[in-house]
$ cat protein-v4.pdb   # PDB, C-alpha atoms
ATOM      1  CA  MET R1052      -6.797  42.400 231.705
ATOM      2  CA  ARG R1053      -3.760  44.373 230.557
ATOM      3  CA  VAL R1054      -4.522  43.432 226.937
ATOM      4  CA  ALA R1055      -8.143  44.581 227.270
ATOM      5  CA  LYS R1056      -6.978  47.855 228.810
ATOM      6  CA  THR R1057      -4.538  48.377 225.960
ATOM      7  CA  VAL R1058      -7.272  47.740 223.361
ATOM      8  CA  LEU R1059      -9.633  50.156 225.126
ATOM      9  CA  LEU R1060      -6.998  52.851 225.227
ATOM     10  CA  GLY R1061      -6.343  52.306 221.529
ATOM     11  CA  VAL R1062     -10.040  52.670 220.694
ATOM     12  CA  LEU R1063     -10.304  55.843 222.767
ATOM     13  CA  ALA R1064      -7.208  57.267 221.097
ATOM     14  CA  GLY R1065      -8.706  56.489 217.702
ATOM     15  CA  CYS R1066     -11.970  58.225 218.597
ATOM     16  CA  LEU R1067     -10.100  61.278 219.872
ATOM     17  CA  SER R1068      -8.041  61.332 216.686
ATOM     18  CA  LEU R1069     -11.194  61.206 214.519
ATOM     19  CA  SER R1070     -12.756  63.973 216.606
ATOM     20  CA  ALA R1071      -9.665  66.135 216.250
ATOM     21  CA  ASN R1072      -9.546  65.501 212.492
ATOM     22  CA  ALA R1073     -13.225  66.440 212.178
ATOM     23  CA  GLU R1074     -12.629  69.701 214.042
ATOM     24  CA  GLU R1075      -9.678  70.562 211.810
ATOM     25  CA  TYR R1076     -11.488  69.501 208.633
ATOM     26  CA  PRO R1077     -10.774  70.555 206.010
ATOM     27  CA  SER R1078      -7.076  71.230 206.347
ATOM     28  CA  ARG R1079      -6.186  70.843 202.655
ATOM     29  CA  PRO R1080      -7.827  71.221 199.228
ATOM     30  CA  ILE R1081     -10.854  69.060 198.432
ATOM     31  CA  ARG R1082     -11.130  67.171 195.162
ATOM     32  CA  LEU R1083     -14.569  67.506 193.564
ATOM     33  CA  ILE R1084     -15.308  64.835 190.954
ATOM     34  CA  VAL R1085     -17.846  66.200 188.445
ATOM     35  CA  SER R1086     -19.373  63.494 186.238
ATOM     36  CA  ILE R1087     -19.678  65.667 183.138
ATOM     37  CA  ALA R1088     -17.486  67.674 180.780
ATOM     38  CA  ALA R1089     -16.070  71.080 181.642
ATOM     39  CA  GLY R1090     -18.255  73.917 180.369
ATOM     40  CA  SER R1091     -21.535  72.058 180.811
ATOM     41  CA  VAL R1092     -24.208  73.650 182.988
ATOM     42  CA  THR R1093     -23.555  71.370 185.958
ATOM     43  CA  ASP R1094     -19.824  72.064 185.744
ATOM     44  CA  VAL R1095     -20.472  75.819 185.687
ATOM     45  CA  ILE R1096     -22.828  75.535 188.665
ATOM     46  CA  MET R1097     -20.380  73.490 190.723
ATOM     47  CA  ARG R1098     -17.507  75.868 190.014
ATOM     48  CA  ASN R1099     -19.643  78.776 191.203
ATOM     49  CA  ALA R1100     -20.740  76.834 194.291
ATOM     50  CA  SER R1101     -17.112  75.936 195.043
ATOM     51  CA  ASN R1102     -16.086  79.581 194.815
ATOM     52  CA  ASP R1103     -18.853  80.473 197.272
ATOM     53  CA  ILE R1104     -17.966  77.762 199.793
ATOM     54  CA  SER R1105     -14.143  77.919 199.662
ATOM     55  CA  PRO R1106     -13.788  81.153 201.720
ATOM     56  CA  ARG R1107     -15.989  79.694 204.469
ATOM     57  CA  ILE R1108     -13.986  76.478 204.842
ATOM     58  CA  GLY R1109     -10.587  78.042 204.179
ATOM     59  CA  GLN R1110      -9.689  75.579 201.421
ATOM     60  CA  PRO R1111     -10.136  75.462 197.633
ATOM     61  CA  PHE R1112     -11.945  72.805 195.630
ATOM     62  CA  VAL R1113     -10.047  71.130 192.799
ATOM     63  CA  ILE R1114     -12.500  70.232 190.026
ATOM     64  CA  ASP R1115     -11.902  66.823 188.428
ATOM     65  CA  ASN R1116     -14.157  66.425 185.366
ATOM     66  CA  ARG R1117     -14.966  62.785 184.544
ATOM     67  CA  GLY R1118     -17.451  63.143 181.701
ATOM     68  CA  GLY R1119     -18.798  60.385 179.501
ATOM     69  CA  ALA R1120     -20.047  56.808 179.847
ATOM     70  CA  SER R1121     -23.350  57.890 181.398
ATOM     71  CA  GLY R1122     -21.707  58.923 184.666
ATOM     72  CA  ILE R1123     -19.946  55.575 185.094
ATOM     73  CA  LEU R1124     -16.460  57.090 184.944
ATOM     74  CA  GLY R1125     -17.348  59.560 187.687
ATOM     75  CA  GLY R1126     -19.014  56.872 189.781
ATOM     76  CA  GLN R1127     -15.967  54.621 189.472
ATOM     77  CA  ALA R1128     -13.582  57.440 190.423
ATOM     78  CA  CYS R1129     -15.722  58.162 193.477
ATOM     79  CA  ALA R1130     -15.884  54.509 194.513
ATOM     80  CA  VAL R1131     -12.107  53.972 194.513
ATOM     81  CA  ALA R1132     -11.204  57.271 196.223
ATOM     82  CA  ALA R1133     -10.071  57.331 199.853
ATOM     83  CA  PRO R1134     -13.019  57.936 202.235
ATOM     84  CA  ASP R1135     -11.164  60.659 204.115
ATOM     85  CA  GLY R1136     -13.424  63.625 203.382
ATOM     86  CA  TYR R1137     -11.084  65.044 200.747
ATOM     87  CA  THR R1138     -12.966  63.621 197.762
ATOM     88  CA  LEU R1139     -16.532  64.696 197.019
ATOM     89  CA  CYS R1140     -18.527  63.444 194.055
ATOM     90  CA  VAL R1141     -21.165  65.180 191.962
ATOM     91  CA  VAL R1142     -23.602  62.432 190.967
ATOM     92  CA  TYR R1143     -26.852  62.358 189.030
ATOM     93  CA  HIS R1144     -29.777  60.202 187.985
ATOM     94  CA  SER R1145     -27.676  57.969 185.719
ATOM     95  CA  THR R1146     -24.943  57.422 188.322
ATOM     96  CA  MET R1147     -27.295  56.351 191.091
ATOM     97  CA  SER R1148     -30.571  55.180 189.517
ATOM     98  CA  TYR R1149     -30.274  54.138 185.871
ATOM     99  CA  ASN R1150     -26.835  52.529 185.601
ATOM    100  CA  PRO R1151     -27.362  49.682 188.112
ATOM    101  CA  LEU R1152     -30.548  48.739 186.247
ATOM    102  CA  LEU R1153     -29.057  49.010 182.766
ATOM    103  CA  PHE R1154     -25.584  47.506 183.088
ATOM    104  CA  ALA R1155     -24.070  44.279 184.337
ATOM    105  CA  SER R1156     -20.587  44.330 185.877
ATOM    106  CA  LEU R1157     -20.484  48.036 186.701
ATOM    107  CA  PRO R1158     -17.074  49.144 188.070
ATOM    108  CA  TYR R1159     -18.882  50.630 191.094
ATOM    109  CA  ASP R1160     -21.944  49.893 193.224
ATOM    110  CA  PRO R1161     -23.978  53.051 193.941
ATOM    111  CA  ASP R1162     -25.407  51.544 197.124
ATOM    112  CA  LYS R1163     -22.223  50.031 198.573
ATOM    113  CA  ASP R1164     -19.552  52.447 197.305
ATOM    114  CA  ILE R1165     -21.156  55.908 197.440
ATOM    115  CA  GLU R1166     -22.429  57.885 200.452
ATOM    116  CA  PRO R1167     -25.222  60.434 199.773
ATOM    117  CA  ILE R1168     -24.639  63.964 201.128
ATOM    118  CA  THR R1169     -27.348  66.142 199.577
ATOM    119  CA  ARG R1170     -29.486  66.494 196.499
ATOM    120  CA  LEU R1171     -28.540  69.796 194.857
ATOM    121  CA  PHE R1172     -30.960  70.638 192.042
ATOM    122  CA  PHE R1173     -33.427  69.459 189.416
ATOM    123  CA  VAL R1174     -32.734  70.287 185.778
ATOM    124  CA  THR R1175     -35.320  71.819 183.452
ATOM    125  CA  GLU R1176     -34.648  70.124 180.145
ATOM    126  CA  GLY R1177     -35.580  70.960 176.594
ATOM    127  CA  VAL R1178     -35.904  69.038 173.352
ATOM    128  CA  PHE R1179     -33.591  70.741 170.861
ATOM    129  CA  VAL R1180     -32.984  70.586 167.121
ATOM    130  CA  PRO R1181     -30.713  72.557 164.769
ATOM    131  CA  ALA R1182     -32.248  75.733 163.382
ATOM    132  CA  SER R1183     -31.579  74.307 159.919
ATOM    133  CA  LEU R1184     -33.877  71.331 160.556
ATOM    134  CA  LYS R1185     -37.249  72.085 158.979
ATOM    135  CA  VAL R1186     -39.379  71.325 162.040
ATOM    136  CA  ASN R1187     -40.934  73.709 164.539
ATOM    137  CA  SER R1188     -42.855  71.392 166.882
ATOM    138  CA  MET R1189     -42.744  67.931 168.425
ATOM    139  CA  ALA R1190     -45.504  66.881 166.027
ATOM    140  CA  GLU R1191     -43.430  67.946 163.003
ATOM    141  CA  LEU R1192     -40.363  66.205 164.466
ATOM    142  CA  LYS R1193     -42.346  62.992 164.871
ATOM    143  CA  ALA R1194     -43.594  63.211 161.264
ATOM    144  CA  LEU R1195     -40.040  63.743 159.992
ATOM    145  CA  ALA R1196     -38.665  60.874 162.085
ATOM    146  CA  GLN R1197     -41.390  58.526 160.834
ATOM    147  CA  SER R1198     -40.875  59.540 157.207
ATOM    148  CA  ARG R1199     -37.101  58.986 157.562
ATOM    149  CA  PRO R1200     -36.830  56.337 160.315
ATOM    150  CA  ASP R1201     -33.086  55.717 159.855
ATOM    151  CA  ALA R1202     -31.928  59.249 159.042
ATOM    152  CA  LEU R1203     -31.881  61.026 162.421
ATOM    153  CA  ASN R1204     -29.358  61.005 165.271
ATOM    154  CA  LEU R1205     -29.833  62.067 168.905
ATOM    155  CA  ALA R1206     -27.054  63.361 171.166
ATOM    156  CA  THR R1207     -26.717  61.441 174.459
ATOM    157  CA  LEU R1208     -24.312  61.110 177.376
ATOM    158  CA  GLY R1209     -23.756  57.479 176.444
ATOM    159  CA  GLU R1210     -25.631  54.211 176.629
ATOM    160  CA  GLY R1211     -27.954  54.188 179.621
ATOM    161  CA  SER R1212     -27.989  57.971 180.075
ATOM    162  CA  SER R1213     -31.305  59.791 180.445
ATOM    163  CA  GLN R1214     -30.928  61.026 176.860
ATOM    164  CA  ASP R1215     -30.375  57.455 175.688
ATOM    165  CA  LEU R1216     -33.505  56.327 177.528
ATOM    166  CA  PHE R1217     -35.460  59.230 176.025
ATOM    167  CA  LEU R1218     -34.219  58.098 172.596
ATOM    168  CA  ARG R1219     -35.349  54.520 173.216
ATOM    169  CA  TRP R1220     -38.670  55.765 174.526
ATOM    170  CA  LEU R1221     -39.174  57.890 171.383
ATOM    171  CA  ASN R1222     -38.286  54.973 169.114
ATOM    172  CA  HIS R1223     -40.731  52.780 171.023
ATOM    173  CA  GLN R1224     -43.492  55.429 170.874
ATOM    174  CA  TRP R1225     -42.902  56.485 167.269
ATOM    175  CA  GLY R1226     -41.815  53.215 165.675
ATOM    176  CA  THR R1227     -38.572  54.813 164.488
ATOM    177  CA  ARG R1228     -34.866  53.905 164.523
ATOM    178  CA  ILE R1229     -33.225  57.140 165.673
ATOM    179  CA  VAL R1230     -29.562  56.484 166.533
ATOM    180  CA  GLY R1231     -27.784  57.730 169.672
ATOM    181  CA  ILE R1232     -24.447  59.556 169.419
ATOM    182  CA  SER R1233     -22.476  59.852 172.676
ATOM    183  CA  TYR R1234     -20.933  63.098 173.999
ATOM    184  CA  LYS R1235     -19.177  63.901 177.270
ATOM    185  CA  GLY R1236     -21.490  66.711 178.344
ATOM    186  CA  GLY R1237     -24.260  69.123 177.484
ATOM    187  CA  GLY R1238     -21.798  71.690 176.137
ATOM    188  CA  PRO R1239     -20.307  69.391 173.472
ATOM    189  CA  ALA R1240     -23.778  68.061 172.629
ATOM    190  CA  ALA R1241     -25.088  71.608 172.170
ATOM    191  CA  GLN R1242     -22.258  72.440 169.769
ATOM    192  CA  ALA R1243     -22.966  69.247 167.820
ATOM    193  CA  ILE R1244     -26.648  70.209 167.501
ATOM    194  CA  ALA R1245     -25.735  73.721 166.351
ATOM    195  CA  ALA R1246     -23.383  72.275 163.717
ATOM    196  CA  GLY R1247     -26.057  69.854 162.481
ATOM    197  CA  GLN R1248     -23.922  66.814 163.359
ATOM    198  CA  VAL R1249     -26.929  65.445 165.239
ATOM    199  CA  GLN R1250     -30.568  66.379 164.765
ATOM    200  CA  ILE R1251     -32.168  65.958 168.209
ATOM    201  CA  THR R1252     -31.295  65.970 171.884
ATOM    202  CA  ARG R1253     -32.809  66.451 175.317
ATOM    203  CA  PHE R1254     -30.555  68.305 177.774
ATOM    204  CA  GLY R1255     -30.647  70.990 180.413
ATOM    205  CA  ILE R1256     -31.746  74.258 178.815
ATOM    206  CA  GLY R1257     -28.801  76.188 180.230
ATOM    207  CA  ASN R1258     -26.463  74.449 177.787
ATOM    208  CA  PHE R1259     -28.332  75.952 174.836
ATOM    209  CA  LEU R1260     -29.187  79.526 175.837
ATOM    210  CA  GLY R1261     -26.435  81.209 173.831
ATOM    211  CA  LEU R1262     -27.118  79.051 170.782
ATOM    212  CA  MET R1263     -30.840  79.830 170.951
ATOM    213  CA  GLU R1264     -30.093  83.546 171.185
ATOM    214  CA  SER R1265     -27.795  83.317 168.154
ATOM    215  CA  GLY R1266     -30.466  81.450 166.194
ATOM    216  CA  ASP R1267     -28.417  78.269 165.720
ATOM    217  CA  VAL R1268     -30.680  76.006 167.787
ATOM    218  CA  LYS R1269     -34.436  75.689 168.332
ATOM    219  CA  ALA R1270     -36.223  74.426 171.438
ATOM    220  CA  LEU R1271     -39.360  72.411 170.652
ATOM    221  CA  ALA R1272     -40.510  71.772 174.235
ATOM    222  CA  VAL R1273     -39.421  72.117 177.874
ATOM    223  CA  SER R1274     -39.817  69.670 180.765
ATOM    224  CA  SER R1275     -41.200  72.152 183.313
ATOM    225  CA  GLU R1276     -44.814  72.080 184.500
ATOM    226  CA  LYS R1277     -45.379  75.614 183.204
ATOM    227  CA  ARG R1278     -43.837  77.596 180.372
ATOM    228  CA  SER R1279     -40.700  79.433 181.359
ATOM    229  CA  PRO R1280     -41.001  83.234 181.437
ATOM    230  CA  LEU R1281     -37.595  83.250 179.729
ATOM    231  CA  LEU R1282     -38.944  81.061 176.886
ATOM    232  CA  PRO R1283     -42.642  81.990 176.728
ATOM    233  CA  ASP R1284     -43.124  80.735 173.167
ATOM    234  CA  VAL R1285     -41.826  77.221 173.863
ATOM    235  CA  PRO R1286     -44.551  74.763 174.956
ATOM    236  CA  THR R1287     -44.139  72.307 177.801
ATOM    237  CA  LEU R1288     -43.799  68.603 177.021
ATOM    238  CA  ASN R1289     -47.272  68.181 178.467
ATOM    239  CA  GLU R1290     -48.677  70.760 176.039
ATOM    240  CA  ALA R1291     -46.853  68.990 173.220
ATOM    241  CA  GLY R1292     -48.420  65.663 174.180
ATOM    242  CA  TYR R1293     -45.431  64.070 175.940
ATOM    243  CA  GLY R1294     -46.214  64.740 179.573
ATOM    244  CA  ASP R1295     -46.261  61.019 180.409
ATOM    245  CA  TYR R1296     -42.492  60.650 180.042
ATOM    246  CA  PRO R1297     -41.402  59.445 183.532
ATOM    247  CA  GLY R1298     -37.756  60.590 183.544
ATOM    248  CA  GLN R1299     -36.574  63.362 185.903
ATOM    249  CA  ALA R1300     -33.136  64.964 185.727
ATOM    250  CA  TRP R1301     -31.371  65.861 188.991
ATOM    251  CA  TRP R1302     -27.865  66.302 190.420
ATOM    252  CA  GLY R1303     -26.527  65.767 193.919
ATOM    253  CA  LEU R1304     -23.430  65.538 196.081
ATOM    254  CA  ALA R1305     -21.930  62.344 197.503
ATOM    255  CA  ALA R1306     -18.681  60.925 198.890
ATOM    256  CA  PRO R1307     -16.885  57.562 198.933
ATOM    257  CA  LYS R1308     -18.579  55.146 201.316
ATOM    258  CA  GLY R1309     -16.911  55.206 204.718
ATOM    259  CA  THR R1310     -16.331  58.956 204.788
ATOM    260  CA  PRO R1311     -16.643  60.022 208.477
ATOM    261  CA  PRO R1312     -20.182  61.200 209.397
ATOM    262  CA  ALA R1313     -18.875  64.483 210.841
ATOM    263  CA  MET R1314     -17.308  65.337 207.477
ATOM    264  CA  ILE R1315     -20.499  64.349 205.618
ATOM    265  CA  ALA R1316     -22.462  66.638 207.955
ATOM    266  CA  ARG R1317     -20.032  69.535 207.429
ATOM    267  CA  MET R1318     -20.204  69.335 203.651
ATOM    268  CA  ASN R1319     -23.974  68.931 203.758
ATOM    269  CA  ALA R1320     -24.269  72.111 205.823
ATOM    270  CA  GLU R1321     -21.973  74.086 203.510
ATOM    271  CA  PHE R1322     -23.630  73.037 200.244
ATOM    272  CA  VAL R1323     -27.158  73.392 201.618
ATOM    273  CA  LYS R1324     -26.261  76.908 202.771
ATOM    274  CA  THR R1325     -25.025  77.888 199.307
ATOM    275  CA  PHE R1326     -27.878  76.252 197.397
ATOM    276  CA  SER R1327     -30.408  77.933 199.716
ATOM    277  CA  ASP R1328     -28.916  81.413 199.424
ATOM    278  CA  PRO R1329     -31.334  83.720 197.521
ATOM    279  CA  LYS R1330     -28.578  85.179 195.320
ATOM    280  CA  PHE R1331     -27.318  81.718 194.371
ATOM    281  CA  VAL R1332     -30.876  80.537 193.717
ATOM    282  CA  GLN R1333     -31.284  83.508 191.348
ATOM    283  CA  PHE R1334     -28.144  82.387 189.522
ATOM    284  CA  LEU R1335     -29.562  78.843 189.314
ATOM    285  CA  ASP R1336     -32.856  80.152 187.915
ATOM    286  CA  LYS R1337     -30.935  81.659 185.007
ATOM    287  CA  GLN R1338     -29.394  78.225 184.348
ATOM    288  CA  PHE R1339     -32.898  76.694 184.208
ATOM    289  CA  VAL R1340     -32.353  74.520 187.247
ATOM    290  CA  VAL R1341     -34.404  74.311 190.459
ATOM    291  CA  SER R1342     -32.485  74.341 193.731
ATOM    292  CA  ALA R1343     -33.477  71.377 195.925
ATOM    293  CA  PRO R1344     -30.925  70.690 198.707
ATOM    294  CA  ASN R1345     -31.817  68.320 201.533
ATOM    295  CA  SER R1346     -30.323  66.220 204.343
ATOM    296  CA  PRO R1347     -28.296  63.015 203.807
ATOM    297  CA  ALA R1348     -31.220  60.951 205.126
ATOM    298  CA  GLU R1349     -33.711  62.734 202.838
ATOM    299  CA  PHE R1350     -31.406  62.314 199.863
ATOM    300  CA  THR R1351     -31.113  58.595 200.613
ATOM    301  CA  GLU R1352     -34.915  58.230 200.624
ATOM    302  CA  PHE R1353     -35.172  60.259 197.419
ATOM    303  CA  LEU R1354     -32.680  57.901 195.752
ATOM    304  CA  LYS R1355     -34.843  54.901 196.601
ATOM    305  CA  ALA R1356     -37.896  56.524 195.001
ATOM    306  CA  ASP R1357     -35.885  57.652 191.975
ATOM    307  CA  ARG R1358     -34.613  54.090 191.409
ATOM    308  CA  LYS R1359     -38.244  52.896 191.277
ATOM    309  CA  ALA R1360     -39.107  55.616 188.737
ATOM    310  CA  ALA R1361     -36.103  54.528 186.678
ATOM    311  CA  GLU R1362     -37.406  50.960 186.697
ATOM    312  CA  THR R1363     -40.688  52.226 185.223
ATOM    313  CA  LEU R1364     -38.936  54.156 182.458
ATOM    314  CA  ILE R1365     -36.636  51.269 181.576
ATOM    315  CA  LYS R1366     -39.615  48.940 181.337
ATOM    316  CA  ILE R1367     -41.470  51.379 179.044
ATOM    317  CA  ALA R1368     -38.349  51.830 176.915
ATOM    318  CA  ASN R1369     -38.047  48.036 176.693
ATOM    319  CA  THR R1370     -34.356  48.200 177.551
ATOM    320  CA  PRO R1371     -32.556  44.969 178.542
ATOM    321  CA  LYS R1372     -29.491  45.019 180.835
ATOM    322  CA  ALA R1373     -26.253  45.297 178.862
ATOM    323  CA  GLN R1374     -22.670  44.330 179.638
ATOM    324  CA  TYR R1375     -20.684  47.424 180.519
ATOM    325  CA  LYS R1376     -17.682  47.920 178.260
ATOM    326  CA  PRO R1377     -15.153  50.606 179.292
ATOM    327  CA  GLU R1378     -14.620  53.323 176.690
TER     328      GLU R1378
END
$ encode --input "protein-v4.pdb" --output "structure tokens"
Amino acid sequence: MRVAKTVLLGVLAGCLSLSANAEEYPSRPIRLIVSIAAGSVTDVIMRNASNDISPRIGQPFVIDNRGGASGILGGQACAVAAPDGYTLCVVYHSTMSYNPLLFASLPYDPDKDIEPITRLFFVTEGVFVPASLKVNSMAELKALAQSRPDALNLATLGEGSSQDLFLRWLNHQWGTRIVGISYKGGGPAAQAIAAGQVQITRFGIGNFLGLMESGDVKALAVSSEKRSPLLPDVPTLNEAGYGDYPGQAWWGLAAPKGTPPAMIARMNAEFVKTFSDPKFVQFLDKQFVVSAPNSPAEFTEFLKADRKAAETLIKIANTPKAQYKPE
């Protein structure tokens, strides 16, 4: 009886301790793992969001960029972090949907190791080429790729990334052998396109705005349903004849599995508040992304549907599962 009483008291003390910690949370800086290189659109967005949220919670965010390897490095860092509420993880379609279907022996399990907090935004992507490349449409790009099937390269975020799947899909559709070149983020990929080191890519438009304005890069199509008022002369992928591509780019917020629910709820509330604020949404519009925050439960359901869409794309791209090899 005395033992049972002691155990009960211990459980109650633990619950009170967790409650007290949740009320005090956060009491120190929060590490924010961003699965892409510094300077990329997502990195810029998350730094701005962090600056907006920090005054409300009384603590700064420390950005930890883990770019490369199709989000695997970021996913692994998230999985091994302590689930104490002081590590948050910025994840995306590759981290949660594509990687488990494309790779064997991943160093993390998106379902067992990562706790969804909120979806943050969808990315409007564009198909880009160097200004020096003598093509001005998707049709001309296809003709060039078919006339020189081994001569073109496409910038990706690594094997299994959405860009890599787009590459495989193009090769399957066009009968070409375009080669993927891996970069750690949209920023480095954009610079490589501008320099002519690679000839094609598909990334978030925000990475390329300055280079389009300077005339170093051309956009051949955008992934939105309608033409952007900021790029009225660039057709949609549907107008260019590629509206059946099933991939959808998004980013969201997560935490290591086991993070206390009260802390998940607090961070959900803070990020949803920022990503719903009209001024912040205006900022996002200029980055060519669509704000789309939701609840942890809604994000979890979205992830299930996104995994099914990824299965469709991988089947179309005829992509077998590969053995993951650390960079």
$ closest_residue --input "protein-v4.pdb" --among "R:Ile1232, R:Ala1300, R:Ala1243, R:Met1318" --to "Pro1167 (chain R)" --atoms "only C-alpha atoms"
R:Met1318
$ closest_residue --input "protein-v4.pdb" --among "R:Thr1287, R:Thr1351, R:Ser1105, R:Ser1121" --to "Tyr1149 (chain R)" --atoms "only C-alpha atoms"
R:Ser1121
$ closest_residue --input "protein-v4.pdb" --among "R:Pro1371, R:Pro1377, R:Pro1283, R:Gly1303" --to "Leu1152 (chain R)" --atoms "all atoms listed in the file"
R:Pro1371
$ closest_residue --input "protein-v4.pdb" --among "R:Leu1281, R:Ala1270, R:Ala1202, R:Val1174" --to "Ser1188 (chain R)" --atoms "all atoms listed in the file"
R:Ala1270
$ residues_around --input "protein-v4.pdb" --residues "Asn1116 (chain R)" --least-positions-apart "4" --cutoff "10 Å" --atoms "all atoms listed in the file" --output "VMD selection string"
chain R and resid 1083 to 1090 1094 1124 to 1125 1141 1235
$ write_last_selection --input "protein-v4.pdb" --atoms "C-alpha atoms" --output "compact mmCIF listing (two decimals), in the frame of the given file"
# COMPACT_ATOMS: atom_id res chain seq x y z
CA LEU R 1083 -14.57 67.51 193.56
CA ILE R 1084 -15.31 64.83 190.95
CA VAL R 1085 -17.85 66.20 188.44
CA SER R 1086 -19.37 63.49 186.24
CA ILE R 1087 -19.68 65.67 183.14
CA ALA R 1088 -17.49 67.67 180.78
CA ALA R 1089 -16.07 71.08 181.64
CA GLY R 1090 -18.26 73.92 180.37
CA ASP R 1094 -19.82 72.06 185.74
CA LEU R 1124 -16.46 57.09 184.94
CA GLY R 1125 -17.35 59.56 187.69
CA VAL R 1141 -21.16 65.18 191.96
CA LYS R 1235 -19.18 63.90 177.27
$ resolve_selection --input "protein-v4.pdb" --expression "the PyMOL selection byres ((chain R and resi 1164) around 8)" --output "list of chain:residue names"
R:Cys1129, R:Ala1130, R:Tyr1159, R:Asp1160, R:Pro1161, R:Asp1162, R:Lys1163, R:Ile1165, R:Glu1166, R:Pro1307, R:Lys1308
$ residues_around --input "protein-v4.pdb" --residues "Arg1079 (chain R)" --least-positions-apart "4" --cutoff "12 Å" --atoms "all atoms listed in the file" --output "PyMOL selection string"
chain R and resi 1072+1075+1105+1108-1113+1135-1138
$ write_last_selection --input "protein-v4.pdb" --atoms "C-alpha atoms" --output "PDB file, in the frame of the given file"
ATOM      1  CA  ASN R1072      -9.546  65.501 212.492  1.00  0.00           C
ATOM      2  CA  GLU R1075      -9.678  70.562 211.810  1.00  0.00           C
ATOM      3  CA  SER R1105     -14.143  77.919 199.662  1.00  0.00           C
ATOM      4  CA  ILE R1108     -13.986  76.478 204.842  1.00  0.00           C
ATOM      5  CA  GLY R1109     -10.587  78.042 204.179  1.00  0.00           C
ATOM      6  CA  GLN R1110      -9.689  75.579 201.421  1.00  0.00           C
ATOM      7  CA  PRO R1111     -10.136  75.462 197.633  1.00  0.00           C
ATOM      8  CA  PHE R1112     -11.945  72.805 195.630  1.00  0.00           C
ATOM      9  CA  VAL R1113     -10.047  71.130 192.799  1.00  0.00           C
ATOM     10  CA  ASP R1135     -11.164  60.659 204.115  1.00  0.00           C
ATOM     11  CA  GLY R1136     -13.424  63.625 203.382  1.00  0.00           C
ATOM     12  CA  TYR R1137     -11.084  65.044 200.747  1.00  0.00           C
ATOM     13  CA  THR R1138     -12.966  63.621 197.762  1.00  0.00           C
TER      14      THR R1138
END
$ residues_around --input "protein-v4.pdb" --residues "Gly1177 (chain R)" --least-positions-apart "2" --cutoff "10 Å" --atoms "only C-alpha atoms" --output "list in words"
Val1174, Thr1175, Phe1179, Val1180, Thr1252, Arg1253, Phe1254, Gly1255, Ile1256, Gly1257, Asn1258, Phe1259, Lys1269, Ala1270, Leu1271, Ala1272, Val1273, Ser1274, Ser1275, Val1285, Pro1286, Thr1287, Leu1288 and Phe1339 of chain R
$ resolve_selection --input "protein-v4.pdb" --expression "the PyMOL selection byres ((chain R and resi 1364) around 9)" --output "ChimeraX atom specification"
/R:1216-1217,1220,1296-1298,1359-1363,1365-1370
$ atom_distance --input "protein-v4.pdb" --atom1 "CA of Asp1267 (chain R)" --atom2 "CA of Leu1184 (chain R)"
10.2 Å
$ atom_distance --input "protein-v4.pdb" --atom1 "CA of Ser1212 (chain R)" --atom2 "CA of Lys1185 (chain R)"
27.0 Å
$ closest_residue --input "protein-v4.pdb" --among "R:Ile1114, R:Leu1262, R:Ile1081, R:Cys1140" --to "Val1095 (chain R)" --atoms "only C-alpha atoms"
R:Ile1114
$ resolve_selection --input "protein-v4.pdb" --expression "the PyMOL selection byres ((chain R and resi 1171) around 9)" --output "list in words"
Thr1169, Arg1170, Phe1172, Phe1173, Trp1301, Trp1302, Gly1303, Leu1304, Phe1322, Val1323, Phe1326, Val1341, Ser1342, Ala1343, Pro1344 and Asn1345 of chain R
$ axis_aligned_box --input "protein-v4.pdb" --around "region 1359-1372 of chain R" --padding-each-side "3 Å" --output "lines of an AutoDock Vina configuration file"
center_x = -35.5
center_y = 50.3
center_z = 184.0
size_x = 18.0
size_y = 16.6
size_z = 20.6
$ residues_around --input "protein-v4.pdb" --residues "Ala1206 (chain R)" --least-positions-apart "5" --cutoff "10 Å" --atoms "only C-alpha atoms" --output "ChimeraX atom specification"
/R:1179,1214-1215,1218,1230-1237,1239-1241,1243-1244,1248-1254
$ atom_distance --input "protein-v4.pdb" --atom1 "CA of Asp1103 (chain R)" --atom2 "CA of Glu1321 (chain R)"
9.5 Å
$ closest_residue --input "protein-v4.pdb" --among "R:Ala1132, R:Met1189, R:Ile1315, R:Ala1155" --to "Gly1292 (chain R)" --atoms "all atoms listed in the file"
R:Met1189
